[in-house]
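Worksheet: the structure to be examined is printed underneath.
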Amino acid sequence: MVLQRHGHRGQTLLTFTHADIAYLAGPAGVAALAEVARLNLGDPTLLSDVAAVRDRFGDHAGALIETTLLRRRAVAKLGDVASDWLFTDDALQQATTTAVTAHRARRLAGLMVHDATCSIGTELAALRDQADYVIGSDIDPVRLAMARHNLGPRVPLCRADALAPITRAADVVVLLDPARRSGGRRRFDPRAYTPPLDRLADAYRDRATVVKCAPGIDFDAVRRLGFDGEIEVTSTGGSVREACLWSAELAQPGVRRRATVLGGSRRGDEQLTDADPDDCVTRAPGRWIIDPDGAVVRAGLVRQYASRHGLWQLDPDIAYLSGDVLPMGVRGFEILDQLPLREKVLRQALSARDCGSLEILVRGVGVDPDTLRRRLRPSGSESVTLVIMRRGSGAAARAVAFVCRPSR
């Protein structure tokens, strides 16, 4: 194992070798990992724990410690499956959460799928119980060896460059997940992915493909590359996780954009598309302000969401919605007052409501929530939300602050 750099929360990252994987996957390594997993490996015992592992396991200490720490981080993304998987730090950062991989696998149920950038196997783990047939490949031999350990013998794997297709049958769907990080930073230009998105498009031009992208990818740039299918933006747990490009063969007819909110309300999952009704008016605020899920906003489907839930817009260019009835299971903000965006006025209003915990939401106005919160100096005991937005355009534009009570 080779020292590489410093990364997540400052811990030393290590480059795994085939020898490391053979040890970690073997009986001695499994027993050693179980022993190391019982250690805290954090403040205040980190130094003594690391010394103990080095004394006990010698040259294997780095692989054991790194794997233990990665498994602990992986639980939030992958659940209990992470307890015996092998990871690299970069592979774990790029791995998709279980809820999202399960959703994608349901869309691919009954099909034959080739994951051409399979990495450590997270997508294949979801696909093997849904797809008719799966195969995985990756150019990185170490990640491929980890995938073999993680998936067991059931899924066929081979080493291959995603830019040199190894499956050619027209009825095999190709799943692609180009790397979107460099040095821990996200890359938003599709040509800066690894492999670049334009080169992948050329390699699979006449194939059914599913391509995972960063949620901040430039949709227009994707279209300029010749993509004519469906762009799906998916969120779970209140966070937008990814954009996914479904080629025309796999897209719902007439759909170019989709927002998928997984577990976003008591009703369960919710999906909206640009083929849904978008009859939505703009008018004065009602009882509630609703901030739609980030997947809905990113996919440009705010009007469709409003139409479905009987809401309306406060401004045609701002994503905040309003209504007299809060959609079931959705967090909203009950309007208590509407004020001009002046600090003295806001400070007096918040003091009168005994505000102590202050949430600030902003759209269309150049206000930094953290800076404003410090300047307003809330010191009471009640929870209040300030929703700040621009209303109107041109000379008629003005900033408005709504003092609200959050529904939860």
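Here, A, B, ... name the chains of the structure tokens in the order displayed, residue numbers run from 1 inside each chain, and ligands are numbered from 1 in the same displayed order.
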Those in stretch 287-346 of chain A with helix (DSSP H, G or I) from DSSP, as a VMD selection string: chain A and resid 294 to 298 302 to 309 343 to 346
Find the nearest atom pair between each residue of stretch 8-90 of chain A and stretch 140-148 of chain A for residues within 12 Å, count only C-alpha atoms, give distances in Å to one decimal, sort rows by chain and ascending number, and present the table as a tab-separated table.
```
residue	atom	partner	partner_atom	distance
A:Thr15	CA	A:Val142	CA	9.4
A:Phe16	CA	A:Val142	CA	7.1
A:Thr17	CA	A:Val142	CA	6.5
A:His18	CA	A:Val142	CA	6.2
A:Ala19	CA	A:Val142	CA	9.8
A:Asp20	CA	A:Val142	CA	9.6
A:Ile21	CA	A:Met146	CA	7.0
A:Ala22	CA	A:Ala145	CA	8.8
A:Tyr23	CA	A:Met146	CA	11.7
A:Leu24	CA	A:Met146	CA	9.9
A:Ala25	CA	A:Met146	CA	8.9
A:Thr67	CA	A:Met146	CA	11.5
A:Asp84	CA	A:Met146	CA	11.0
A:Trp85	CA	A:Met146	CA	7.8
A:Leu86	CA	A:Met146	CA	5.6
A:Phe87	CA	A:Met146	CA	6.9
A:Thr88	CA	A:Arg143	CA	7.6
A:Asp89	CA	A:Arg143	CA	10.9
A:Asp90	CA	A:Arg143	CA	10.3
```
Nearest residue to A:Pro327 from the set A:Cys355, A:Val255, A:Ala51, A:Ile289 (distances using only C-alpha atoms): A:Ile289
What are the closest atom pairs, with distances in Å to one decimal, for each residue of stretch 268-335 of chain A lying within 9 Å of stretch 399-405 of chain A, using only C-alpha atoms, rows by chain and rising residue number, as a tab-separated table?
```
residue	atom	partner	partner_atom	distance
A:Trp288	CA	A:Cys404	CA	8.5
A:Ile289	CA	A:Cys404	CA	8.5
A:Gly332	CA	A:Arg405	CA	8.5
A:Phe333	CA	A:Cys404	CA	5.4
A:Glu334	CA	A:Arg405	CA	5.0
A:Ile335	CA	A:Cys404	CA	4.5
```
Which of stretch 211-312 of chain A DSSP labels strand (DSSP E or B), written as a ChimeraX atom specification: /A:211-213,230-236,239-246,257-265,268-273,282,288-290,312
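Interatomic distance, atom CA of A:Asp59 against atom CA of A:Leu47: 16.8 Å.
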One-decimal distance in Å that lies between atom CA of A:Leu346 and atom CA of A:Asp368: 15.1 Å
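Atom CA of A:Thr234 is found 8.8 Å from atom CA of A:Gly294.
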Nearby residues (only C-alpha atoms) at most 7 Å from stretch 192-199 of chain A, same-chain spacing under 3 positions excluded, as a list in words: Pro178, Ala179, Arg180, Arg187, Asp189, Asp202, Ala203 and Leu225 of chain A
Keeping only C-alpha atoms, take the residues you just selected and write them out as an mmCIF file, in the first residue's frame.
```cif
data_model
loop_
_atom_site.group_PDB
_atom_site.id
_atom_site.type_symbol
_atom_site.label_atom_id
_atom_site.label_comp_id
_atom_site.auth_asym_id
_atom_site.auth_seq_id
_atom_site.Cartn_x
_atom_site.Cartn_y
_atom_site.Cartn_z
ATOM 1 C CA PRO A 178 -17.907 8.923 -15.674
ATOM 2 C CA ALA A 179 -15.810 10.351 -12.843
ATOM 3 C CA ARG A 180 -17.015 13.815 -11.877
ATOM 4 C CA ARG A 187 -16.481 18.974 -12.361
ATOM 5 C CA ASP A 189 -18.261 20.636 -17.697
ATOM 6 C CA ASP A 202 -19.507 8.925 -29.772
ATOM 7 C CA ALA A 203 -18.620 5.439 -28.510
ATOM 8 C CA LEU A 225 -23.595 17.134 -27.618
#
```
All residues 8 Å or closer to A:Leu314, only C-alpha atoms, same chain fewer than 3 positions away omitted, as a PyMOL selection string: chain A and resi 282-285+318+320-322+391
Restrict the selected residues to N, CA and C atoms and save them as a short mmCIF file (atom, residue, chain, number, x, y, z; two decimals), in the first residue's frame.
```cif
data_model
loop_
_atom_site.label_atom_id
_atom_site.label_comp_id
_atom_site.auth_asym_id
_atom_site.auth_seq_id
_atom_site.Cartn_x
_atom_site.Cartn_y
_atom_site.Cartn_z
N THR A 282 -49.90 33.29 -11.18
CA THR A 282 -49.07 34.10 -10.27
C THR A 282 -49.98 35.06 -9.54
N ARG A 283 -49.93 35.04 -8.21
CA ARG A 283 -50.79 35.94 -7.46
C ARG A 283 -50.22 36.18 -6.06
N ALA A 284 -50.96 36.95 -5.27
CA ALA A 284 -50.51 37.33 -3.93
C ALA A 284 -50.39 36.10 -3.04
N PRO A 285 -49.58 36.19 -1.98
CA PRO A 285 -49.39 35.04 -1.12
C PRO A 285 -50.66 34.61 -0.40
N ILE A 318 -39.41 33.04 -9.90
CA ILE A 318 -38.87 32.59 -8.61
C ILE A 318 -39.58 31.30 -8.22
N TYR A 320 -40.31 29.89 -5.33
CA TYR A 320 -41.19 29.78 -4.17
C TYR A 320 -42.65 29.75 -4.63
N LEU A 321 -43.43 28.88 -3.99
CA LEU A 321 -44.85 28.74 -4.29
C LEU A 321 -45.66 29.09 -3.06
N SER A 322 -46.96 29.31 -3.26
CA SER A 322 -47.84 29.63 -2.14
C SER A 322 -49.15 28.89 -2.30
N ARG A 391 -39.72 40.11 -5.87
CA ARG A 391 -41.01 40.08 -6.55
C ARG A 391 -41.03 41.20 -7.59
#
```
